[in-house]
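First the structure, in the form of structure tokens, and then the observations on it.
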There are 2 protein chains.
Amino acid sequence: MAKDKLIGVDLGGTTIKFAIMTAEGEIQQKWSVKTNILDEGSHIVPDIVDSINHHLDLYQLDKERIIGIGMGTPGTVNIEEGTVKGAFNLNWKETQNVREQIEAGTGLPLTLDNDANAAALGEQWRGAGNNAPEVVFITLGTGVGGGLINEGKLIHGVSGAGGEVGHMVVEPDGYLCTCGNRGCLEQYASATGVVHLAQDFAEGYAGNSKLKAMVDNGDEITSKIVFDLAKEGDFLANEVVDKVGYYLGYASANISNILNPSAVVIGGGVSAAGKILLDRVKTNFQKFAFKSTRDVTEIKLAELGNDAGAYGAASLARISDRTITA
Amino acid sequence: MAKDKLIGVDLGGTTIKFAIMTAEGEIQQKWSVKTNILDEGSHIVPDIVDSINHHLDLYQLDKERIIGIGMGTPGTVNIEEGTVKGAFNLNWKETQNVREQIEAGTGLPLTLDNDANAAALGEQWRGAGNNAPEVVFITLGTGVGGGLINEGKLIHGVSGAGGEVGHMVVEPDGYLCTCGNRGCLEQYASATGVVHLAQDFAEGYAGNSKLKAMVDNGDEITSKIVFDLAKEGDFLANEVVDKVGYYLGYASANISNILNPSAVVIGGGVSAAGKILLDRVKTNFQKFAFKSTRDVTEIKLAELGNDAGAYGAASLARISDRTITA
């Protein structure tokens, strides 16, 4: 029987999303279950195994047709060993033998990576990356993460920290980062970074601005509020968005100067701001990019939203050469 | 007959260096010929072919034993096509079908790349990289070039500009670069960059300094003079070396933050300064590197000197899957 289906699993702190798709990435079934983090997260892997086995039964899909399972997970993934540690939102305190358990429980090969890398692969394959082999993905959420794809494969580096674009230093001696360094991209382009910039700029601004009034009033500021006010023409909010666009454009250019990708794809919650952010990232990218990459690297918004993780997980299985050695 | 030998060719503007080595990189024969750039460089490729054929005869080495030829060249290389264009120091104005001609003339498969990439592979394989799969190479000469090796292979990017570390922008709105941008690493860490910094710093310094005296006197300054004076304790020269170390350390850290290599290897003429430069690069690397890479990425001086190109060229053949389709 020809192997023609992929299973993608996007493991998150609140839900586990599953998708069965063709080898070309057409989703045929998708479902999700709640993540049960009780008992040190010990139910999570058995729940994944049960859910996959149950749904394959339900859809009467022969396991012989499955190319493999791919999964994106929080925490630090050991690609060689197929283990995960330090996934605090899953309550996984000790190292988990995720691959061993899922392969034993399903009889299918599992390829594992971290969630940012999985999302990067998803966008590269089926999203804004247009399945080109060289794509950079930057995700702007509470923090800033990413993934780098070269010749169709993720760059992992020697200890799995490849693609940590959020900790590029874009402002030497800038804002203190949770990592201990100063001036990391994460401190300027994450949701919290945008708010930090807004508060900082409000302090030094004396003109008329709704954003400034809100900050002075002690109102809760979110990155969405900043972008919405910028769209309404608020001066201070636009100054903040200029600065976010500057740092993202600068970082995108420096990444592209050394990797020369066909696209830098920007995703995550903050990227929902859309064109108002993207245009400024592009302007700064053009300024800082080396001529060889300036004309070939496109700066784009992500296209798959929350589905990027499941697509990318399936793509992990798609490009893996892992097989079950029974 | 078992294939067990590699041929490495390091094509430069004044000499062409050749080496025959084992598959493990032990050099068995090496020789060089002058580069004849007359007649629009049209003798270069035939000379290479003749020299290889002649030496294989001379050493009675059967072509059946040759795994392949690798070659590093100036100019812009089209890896897919095996062509070179824009190699001005070879007088190659038009696109040259280098691979086609060398394969036809020798009957051996040729793998081609640019000289900086070849040197990077050489240092990765047989030099400071210790044959680890993830190595970054930065070469400091008249300009700043480099090569990025991931999973044992060069990162080329979508249009071959991967590894252009010299054009990372390390000082937004800094010194104007020949590429048209401002603040590229090349403007601070190349031989000319070091001299530029020295002249710049001398202008703003009123204290006692031999370097300042030389600049004020209109003496010719070289990067070697700056480093030598710094070693003698000259205050201004040390300020310049501090700054070079800062930019190189900062760039090395940001490259490592996203690629997570086991080593950043610094080579080229300027790196002959040695420990006085390396120590300051390391200090700044430690400051700007993300914790996941800070402890695993070593900053090292290159070890192969002028032989890096020939080793790397041979390594191109070693890791290539190119064969002659007769």
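Labeling convention for the structure tokens: chains A, B, ... as they appear, residues from 1 per chain, ligands from 1 in order of appearance.
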Residues of stretch 107-283 of chain B in alpha helix (DSSP H) according to DSSP, as a VMD selection string? chain B and resid 115 to 126 186 to 189 191 to 203 210 to 216 223 to 231 235 to 259 275 to 283
Compute the chain A side of the contact with chain B at 6 Å, counting only C-alpha atoms, and hand it back as a PyMOL selection string. chain A and resi 157-158+161-165+168+254+257-262
Could you please write out, as a ChimeraX atom specification, every residue of stretch 6-251 of chain B that DSSP assigns to strand (DSSP E)? /B:6-11,15-22,27-34,66-73,76-78,83-85,110-114,135-140,144-150,153-154
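Coordinates place atom CA of A:Ala118 at a distance of 13.6 Å from atom CA of A:Ala19.
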Just want the 12 Å neighbourhood of stretch 230-237 of chain B, counted on only C-alpha atoms, with same-chain residues fewer than 3 positions away dropped. Output as a compact mmCIF listing (two decimals) with all heavy atoms, in the first residue's frame.
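Written output follows (out.txt):
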# COMPACT_ATOMS: atom_id res chain seq x y z
N VAL B 194 40.27 49.17 9.50
CA VAL B 194 41.11 49.44 10.67
C VAL B 194 41.84 50.78 10.49
O VAL B 194 41.89 51.61 11.41
CB VAL B 194 42.15 48.29 10.88
CG1 VAL B 194 43.14 48.64 11.98
CG2 VAL B 194 41.42 46.98 11.20
N VAL B 195 42.33 51.01 9.28
CA VAL B 195 43.03 52.27 9.00
C VAL B 195 42.06 53.45 9.09
O VAL B 195 42.39 54.50 9.65
CB VAL B 195 43.71 52.21 7.61
CG1 VAL B 195 44.29 53.56 7.23
CG2 VAL B 195 44.78 51.13 7.60
N LEU B 197 39.37 53.66 10.92
CA LEU B 197 39.12 53.90 12.35
C LEU B 197 40.29 54.67 12.97
O LEU B 197 40.10 55.60 13.75
CB LEU B 197 38.93 52.57 13.09
CG LEU B 197 37.55 51.92 13.03
CD1 LEU B 197 37.60 50.51 13.64
CD2 LEU B 197 36.50 52.75 13.78
N ALA B 198 41.50 54.26 12.61
CA ALA B 198 42.70 54.91 13.18
C ALA B 198 42.73 56.39 12.82
O ALA B 198 42.97 57.25 13.68
CB ALA B 198 43.96 54.20 12.68
N GLN B 199 42.45 56.69 11.56
CA GLN B 199 42.46 58.09 11.12
C GLN B 199 41.36 58.88 11.82
O GLN B 199 41.58 60.02 12.26
CB GLN B 199 42.29 58.16 9.60
CG GLN B 199 43.57 57.72 8.88
CD GLN B 199 43.37 57.41 7.42
OE1 GLN B 199 42.26 57.02 7.03
NE2 GLN B 199 44.43 57.56 6.64
N ASP B 200 40.22 58.25 11.94
CA ASP B 200 39.07 58.88 12.57
C ASP B 200 39.35 59.18 14.05
O ASP B 200 39.09 60.28 14.55
CB ASP B 200 37.89 57.90 12.45
CG ASP B 200 36.58 58.63 12.27
OD1 ASP B 200 36.60 59.85 12.07
OD2 ASP B 200 35.54 57.95 12.34
N PHE B 201 39.88 58.19 14.74
CA PHE B 201 40.15 58.33 16.17
C PHE B 201 41.28 59.34 16.41
O PHE B 201 41.26 60.08 17.41
CB PHE B 201 40.55 56.98 16.78
CG PHE B 201 39.37 56.09 17.10
CD1 PHE B 201 38.20 56.13 16.36
CD2 PHE B 201 39.45 55.18 18.16
CE1 PHE B 201 37.13 55.30 16.67
CE2 PHE B 201 38.37 54.35 18.47
CZ PHE B 201 37.21 54.41 17.72
N ALA B 202 42.27 59.35 15.51
CA ALA B 202 43.41 60.26 15.68
C ALA B 202 42.94 61.71 15.65
O ALA B 202 43.44 62.56 16.40
CB ALA B 202 44.45 60.02 14.59
N GLU B 203 41.94 61.94 14.81
CA GLU B 203 41.42 63.31 14.68
C GLU B 203 40.83 63.84 15.98
O GLU B 203 40.97 65.01 16.29
CB GLU B 203 40.34 63.31 13.61
CG GLU B 203 40.43 64.47 12.67
CD GLU B 203 39.54 64.24 11.45
OE1 GLU B 203 40.00 63.60 10.49
OE2 GLU B 203 38.38 64.67 11.50
N GLY B 204 40.20 62.94 16.72
CA GLY B 204 39.53 63.37 17.94
C GLY B 204 40.35 63.16 19.21
O GLY B 204 39.83 63.22 20.31
N TYR B 205 41.64 62.90 19.06
CA TYR B 205 42.45 62.56 20.22
C TYR B 205 43.57 63.57 20.36
O TYR B 205 44.24 63.93 19.38
CB TYR B 205 43.03 61.15 20.04
CG TYR B 205 43.88 60.67 21.18
CD1 TYR B 205 43.34 60.44 22.45
CD2 TYR B 205 45.25 60.43 21.00
CE1 TYR B 205 44.13 59.99 23.49
CE2 TYR B 205 46.05 59.98 22.05
CZ TYR B 205 45.48 59.76 23.29
OH TYR B 205 46.26 59.31 24.33
N ALA B 206 43.79 64.05 21.58
CA ALA B 206 44.81 65.09 21.78
C ALA B 206 45.99 64.59 22.61
O ALA B 206 46.97 65.31 22.79
CB ALA B 206 44.18 66.31 22.45
N GLY B 207 45.90 63.35 23.10
CA GLY B 207 46.95 62.84 24.00
C GLY B 207 48.19 62.37 23.26
O GLY B 207 48.35 62.58 22.06
N ASN B 208 49.03 61.72 24.01
CA ASN B 208 50.30 61.23 23.49
C ASN B 208 50.10 59.87 22.81
O ASN B 208 49.56 58.95 23.42
CB ASN B 208 51.28 61.09 24.67
CG ASN B 208 52.71 60.99 24.18
OD1 ASN B 208 53.00 61.32 23.03
ND2 ASN B 208 53.58 60.53 25.06
N SER B 209 50.52 59.76 21.56
CA SER B 209 50.34 58.49 20.85
C SER B 209 51.19 58.50 19.59
O SER B 209 51.15 59.44 18.80
CB SER B 209 48.86 58.31 20.46
OG SER B 209 48.75 57.47 19.34
N LYS B 210 51.95 57.44 19.42
CA LYS B 210 52.77 57.32 18.21
C LYS B 210 51.87 57.20 16.98
O LYS B 210 52.18 57.75 15.92
CB LYS B 210 53.67 56.09 18.34
CG LYS B 210 54.77 56.05 17.28
CD LYS B 210 55.82 54.99 17.60
CE LYS B 210 56.74 54.77 16.40
NZ LYS B 210 57.59 53.58 16.58
N LEU B 211 50.76 56.48 17.16
CA LEU B 211 49.83 56.34 16.03
C LEU B 211 49.31 57.70 15.59
O LEU B 211 49.28 58.02 14.41
CB LEU B 211 48.66 55.41 16.41
CG LEU B 211 47.58 55.21 15.35
CD1 LEU B 211 48.16 54.63 14.06
CD2 LEU B 211 46.46 54.31 15.86
N LYS B 212 48.93 58.52 16.60
CA LYS B 212 48.43 59.86 16.27
C LYS B 212 49.51 60.66 15.55
O LYS B 212 49.23 61.33 14.54
CB LYS B 212 47.98 60.59 17.52
CG LYS B 212 47.61 62.05 17.22
CD LYS B 212 46.73 62.69 18.22
CE LYS B 212 46.50 64.18 17.90
NZ LYS B 212 45.66 64.38 16.71
N ALA B 213 50.71 60.56 16.05
CA ALA B 213 51.82 61.31 15.44
C ALA B 213 52.00 60.89 13.97
O ALA B 213 52.20 61.72 13.09
CB ALA B 213 53.10 61.07 16.23
N MET B 214 51.92 59.59 13.73
CA MET B 214 52.07 59.11 12.36
C MET B 214 50.95 59.61 11.45
O MET B 214 51.19 60.03 10.32
CB MET B 214 52.08 57.57 12.34
CG MET B 214 53.37 56.97 12.89
SD MET B 214 53.34 55.15 12.81
CE MET B 214 53.54 54.88 11.04
N VAL B 215 49.72 59.55 11.98
CA VAL B 215 48.59 60.03 11.18
C VAL B 215 48.76 61.51 10.89
O VAL B 215 48.63 61.96 9.73
CB VAL B 215 47.24 59.77 11.91
CG1 VAL B 215 46.09 60.45 11.16
CG2 VAL B 215 46.98 58.28 12.05
N ILE B 221 49.62 54.50 6.95
CA ILE B 221 49.21 53.62 8.06
C ILE B 221 48.68 52.32 7.45
O ILE B 221 47.96 52.35 6.46
CB ILE B 221 48.08 54.27 8.87
CG1 ILE B 221 48.44 55.70 9.30
CG2 ILE B 221 47.72 53.43 10.07
CD1 ILE B 221 49.51 55.80 10.33
N THR B 222 49.05 51.20 8.03
CA THR B 222 48.45 49.92 7.63
C THR B 222 47.81 49.31 8.89
O THR B 222 48.11 49.73 10.01
CB THR B 222 49.51 48.93 7.11
OG1 THR B 222 50.41 48.64 8.20
CG2 THR B 222 50.29 49.51 5.94
N SER B 223 46.98 48.31 8.67
CA SER B 223 46.36 47.67 9.84
C SER B 223 47.45 46.99 10.69
O SER B 223 47.36 46.97 11.92
CB SER B 223 45.29 46.67 9.41
OG SER B 223 45.85 45.61 8.67
N LYS B 224 48.51 46.49 10.05
CA LYS B 224 49.59 45.86 10.80
C LYS B 224 50.27 46.87 11.74
O LYS B 224 50.55 46.55 12.90
CB LYS B 224 50.62 45.27 9.83
CG LYS B 224 51.73 44.51 10.54
CD LYS B 224 52.63 43.75 9.61
CE LYS B 224 53.65 42.89 10.36
NZ LYS B 224 54.32 43.55 11.47
N ILE B 225 50.48 48.09 11.24
CA ILE B 225 51.08 49.12 12.09
C ILE B 225 50.20 49.39 13.31
O ILE B 225 50.68 49.50 14.44
CB ILE B 225 51.31 50.42 11.26
CG1 ILE B 225 52.43 50.19 10.23
CG2 ILE B 225 51.62 51.61 12.17
CD1 ILE B 225 52.62 51.34 9.25
N VAL B 226 48.89 49.47 13.08
CA VAL B 226 47.96 49.75 14.18
C VAL B 226 48.07 48.64 15.25
O VAL B 226 48.20 48.92 16.45
CB VAL B 226 46.51 49.88 13.68
CG1 VAL B 226 45.55 50.03 14.85
CG2 VAL B 226 46.37 51.06 12.72
N PHE B 227 48.04 47.38 14.80
CA PHE B 227 48.11 46.27 15.77
C PHE B 227 49.47 46.23 16.46
O PHE B 227 49.55 45.98 17.67
CB PHE B 227 47.80 44.94 15.08
CG PHE B 227 46.34 44.78 14.75
CD1 PHE B 227 45.89 44.78 13.44
CD2 PHE B 227 45.40 44.62 15.76
CE1 PHE B 227 44.55 44.63 13.14
CE2 PHE B 227 44.05 44.48 15.48
CZ PHE B 227 43.63 44.49 14.15
N VAL B 240 41.61 51.80 18.94
CA VAL B 240 41.19 51.31 17.63
C VAL B 240 40.95 49.79 17.67
O VAL B 240 39.92 49.30 17.21
CB VAL B 240 42.24 51.66 16.55
CG1 VAL B 240 41.87 51.00 15.21
CG2 VAL B 240 42.35 53.17 16.38
N VAL B 241 41.90 49.07 18.27
CA VAL B 241 41.75 47.61 18.34
C VAL B 241 40.52 47.23 19.19
O VAL B 241 39.80 46.29 18.87
CB VAL B 241 43.04 46.95 18.89
CG1 VAL B 241 42.87 45.44 19.00
CG2 VAL B 241 44.22 47.26 17.96
N ASP B 242 40.28 48.00 20.25
CA ASP B 242 39.06 47.78 21.04
C ASP B 242 37.82 47.85 20.15
O ASP B 242 36.91 47.04 20.26
CB ASP B 242 38.91 48.87 22.12
CG ASP B 242 39.71 48.55 23.38
OD1 ASP B 242 40.22 47.41 23.50
OD2 ASP B 242 39.81 49.44 24.25
N LYS B 243 37.82 48.84 19.30
CA LYS B 243 36.64 49.08 18.46
C LYS B 243 36.49 47.97 17.41
O LYS B 243 35.38 47.49 17.16
CB LYS B 243 36.78 50.45 17.78
CG LYS B 243 35.46 51.04 17.32
CD LYS B 243 34.65 51.58 18.48
CE LYS B 243 33.36 52.26 17.99
NZ LYS B 243 32.52 52.65 19.14
N VAL B 244 37.60 47.56 16.83
CA VAL B 244 37.56 46.45 15.86
C VAL B 244 37.04 45.19 16.55
O VAL B 244 36.18 44.48 16.04
CB VAL B 244 38.95 46.21 15.23
CG1 VAL B 244 38.91 45.02 14.27
CG2 VAL B 244 39.46 47.45 14.51
N ALA B 273 47.04 39.58 13.38
CA ALA B 273 47.24 40.33 14.62
C ALA B 273 47.22 39.38 15.82
O ALA B 273 47.86 39.65 16.84
CB ALA B 273 46.17 41.40 14.76
N GLY B 274 46.46 38.30 15.71
CA GLY B 274 46.48 37.26 16.73
C GLY B 274 45.73 37.61 18.00
O GLY B 274 44.64 38.19 17.97
N LYS B 275 46.36 37.23 19.13
CA LYS B 275 45.70 37.27 20.44
C LYS B 275 45.17 38.66 20.81
O LYS B 275 44.10 38.79 21.42
CB LYS B 275 46.71 36.79 21.49
CG LYS B 275 46.15 36.56 22.87
CD LYS B 275 47.17 35.85 23.76
CE LYS B 275 46.96 36.18 25.24
NZ LYS B 275 45.62 35.88 25.74
N ILE B 276 45.90 39.71 20.45
CA ILE B 276 45.47 41.06 20.84
C ILE B 276 44.09 41.39 20.26
O ILE B 276 43.28 42.07 20.89
CB ILE B 276 46.52 42.13 20.42
CG1 ILE B 276 46.22 43.45 21.16
CG2 ILE B 276 46.57 42.33 18.91
CD1 ILE B 276 47.34 44.48 21.00
N LEU B 277 43.81 40.85 19.08
CA LEU B 277 42.49 41.03 18.48
C LEU B 277 41.52 39.99 19.01
O LEU B 277 40.40 40.30 19.43
CB LEU B 277 42.58 40.94 16.95
CG LEU B 277 41.26 41.06 16.19
CD1 LEU B 277 40.58 42.40 16.44
CD2 LEU B 277 41.48 40.86 14.69
Separation of atom CA of A:Gln187 from atom CA of A:Glu298, in Å and rounded to one decimal: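 Interatomic distance, atom CA of A:Gln187 to atom CA of A:Glu298: 24.1 Å.
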Non-local contacts of stretch 41-56 of chain A (6 Å; only C-alpha atoms; under 6 positions in same chain excluded) as a ChimeraX atom specification: /A:90-92,102,105
Keeping C-alpha atoms for every residue in the selection just given, could you write it to a file as a compact mmCIF listing (two decimals), in the first residue's frame?
# COMPACT_ATOMS: atom_id res chain seq x y z
CA LEU A 90 3.02 21.48 29.82
CA ASN A 91 4.20 20.86 33.40
CA TRP A 92 7.04 18.77 31.99
CA ILE A 102 4.52 7.86 20.57
CA GLY A 105 1.96 3.56 20.97
Give me the residues within 12 Å of B:Phe18 as a PyMOL selection string, counting only C-alpha atoms and dropping any in the same chain fewer than 3 places off. chain B and resi 6-12+15+21+27-34+47-49+51-53+55-56+69-72+306-314
Could you jot down the atom CA of B:Glu100 to atom CA of B:Gly75 separation for me, Å, one decimal place?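 Interatomic distance here is 17.1 Å.
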Residue contacts of A:Ile299 (9 Å, only C-alpha atoms) excluding same-chain residues fewer than 5 positions away, as a ChimeraX atom specification: /A:249,252,262-266,278,281-282,285
